[in-house]
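Participant: One structure, as structure tokens, below. Some questions next.
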Amino acid sequence: MELTGDQLEKAEEELRRYLPKSQMVYGTLVLNKRVRADPVKFIVDKWPEFRVFICKPQCLQEDDLFRDTVIFTTDPAALKEIVENSSVIDWTKFMRLGIDLCHIDVLTGMASEKNVSSNKIAVCHVMILQDVSRLPPIDSSGISLGSLDESHVDLVAQTWKFGKGGAAKNMIRNMVVNFPSCCVLDADGKPVSWILTFSRCVMGMLYTLPEHRQKGYAKVVTITLARRLHAEGYPVYCYIEEGHENNIRVSKELGFTEDPSYRITWFEFNDL
């Protein structure tokens, strides 16, 4: 069933109980309730004692490949039932799904049964800032800070590894127009380092132009955006791909922590 109105308020409370493993769907719900830039359906297997919670975006155009469906479950058997017997997951179309790594076998197994192709995109650590007071102080004197705007979409897309094509630019445009961001600006007012917020309320796309590295800009924009998100009542977290140990170390130095048993994975299905 699809949740609406007061049910979404109750769902937010319930999902908070399951943090950090509900972080992805919780962040999506919290941000969507405040900024309705991305039309999303919030679907559960039953109410109010749900075992499966799905955030399913409404794709508005055929090339919109970056509107990911994200899933949280407390019961793999219930997840298998809903993906096998429900119309919520359309196995005839391309889709990108994010889910706890320990449950991905349910989806890949179903895809195999239906002779649907699957492709792993990434496996990520989920780094969460539980206590904003742990953020170290920053000295931003002499640094011009601002937010990204629509004129910066091409620059961000060019430097993001998934940034090719119109679908990526559409997603980035939506992010900079509607969600919090932070950037360091040079003397001409052009961004040289930045970080954005995805529709799941997760910080990401952190990047500094090569000629401006080793100046501490990445740390400044990360801490500044983290404080802003916290002040506005949003969860504060980020993903770091497996194998990027230095990034994990740095995030821990900034006060972020993780549940070692929790990883998020992203898969594409039906990529024809």
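Naming works like this for the structure tokens: A, B, ... for the chains as they're shown, residue 1 at the start of each chain, ligands 1 onward in shown order.
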Please return as a ChimeraX atom specification: the residues of segment 125-204 of chain A that backbone DSSP assigns to strand (DSSP E or B).
Facilitator: /A:125-128,144-146,182-185,191-197,203-204
Participant: Counting only C-alpha atoms, which residues in segment 113-163 of chain A sit no more than 9 Å from segment 187-196 of chain A? For each one, give the nearest pair of atoms and the distance in Å, sorted by chain then residue number, as a Markdown table.
Facilitator:
| residue | atom | partner | partner_atom | distance |
| --- | --- | --- | --- | --- |
| A:Ser144 | CA | A:Ala187 | CA | 8.3 |
| A:Gly146 | CA | A:Pro191 | CA | 8.5 |
| A:Ser147 | CA | A:Trp194 | CA | 8.4 |
| A:Leu148 | CA | A:Pro191 | CA | 7.6 |
| A:His152 | CA | A:Pro191 | CA | 7.7 |
| A:Leu155 | CA | A:Pro191 | CA | 8.7 |
| A:Val156 | CA | A:Trp194 | CA | 8.6 |
Participant: Hey, what does DSSP flag as alpha helix (DSSP H) within segment 16-223 of chain A? Can you give it to me as a PyMOL selection string?
Facilitator: chain A and resi 16-17+23-34+76-85+104-113+153-159+166-178+217-223
Participant: Which residues come within 10 Å of Glu241 of chain A, counting only C-alpha atoms, excluding same-chain residues fewer than 6 positions away, as JSON, numbers by chain?
Facilitator: {"A": [122, 123, 124, 125, 126, 247, 248, 263, 264, 265]}
Participant: For Ser86 of chain A, which of A:Ile43, A:Arg51, A:Ser118, A:Ser112 is the closest residue, counting only C-alpha atoms?
Facilitator: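 Closest to Ser86 of chain A of all the choices is A:Ile43.
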Participant: List every residue of segment 30-80 of chain A that has an atom at most 8 Å from any atom of segment 197-219 of chain A, and for each one report the closest atom pair and its distance in Å to one decimal, counting only C-alpha atoms, with rows sorted by chain and then by increasing residue number, as CSV.
Facilitator:
residue,atom,partner,partner_atom,distance
A:Val30,CA,A:Cys201,CA,7.8
A:Leu31,CA,A:Cys201,CA,5.9
A:Asn32,CA,A:Ser199,CA,7.5
A:Asp38,CA,A:Ser199,CA,7.4
Participant: Quick one: of A:Leu3, A:Lys161, A:Asp271, A:Gly27, who's nearest to Arg96 of chain A, counting only C-alpha atoms?
Facilitator: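 Checking each of A:Leu3, A:Lys161, A:Asp271, A:Gly27 against Arg96 of chain A, counting only C-alpha atoms, the winner is A:Asp271.
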Participant: As an exercise, work out the distance from atom CA of Asn85 of chain A to atom CA of Thr108 of chain A in Å and give it to one decimal place.
Facilitator: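 Going from atom CA of Asn85 of chain A over to atom CA of Thr108 of chain A, I get 15.5 Å.
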Participant: Hey, can you check how far atom CA of Phe179 of chain A sits from atom CA of Tyr262 of chain A?
Facilitator: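 Taking atom CA of Phe179 of chain A and atom CA of Tyr262 of chain A, their separation equals 25.9 Å.
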Participant: Give me, please, the distance in Å between atom CA of Val52 of chain A and atom CA of Gly233 of chain A, quoted to one decimal.
Facilitator: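 Atom CA of Val52 of chain A sits 25.1 Å away from atom CA of Gly233 of chain A.
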Participant: Which of these residues is nearest to Thr224 of chain A, using only C-alpha atoms: A:Lys46, A:Ile240, A:Leu135, A:Asp259?
Facilitator: A:Leu135
Participant: For Tyr237 of chain A, list every protein, DNA or RNA residue within 6 Å, evaluated using only C-alpha atoms, and leave out those in the same chain fewer than 6 positions away; present the list as an MDAnalysis selection string.
Facilitator: chainID A and resid 127:129 202
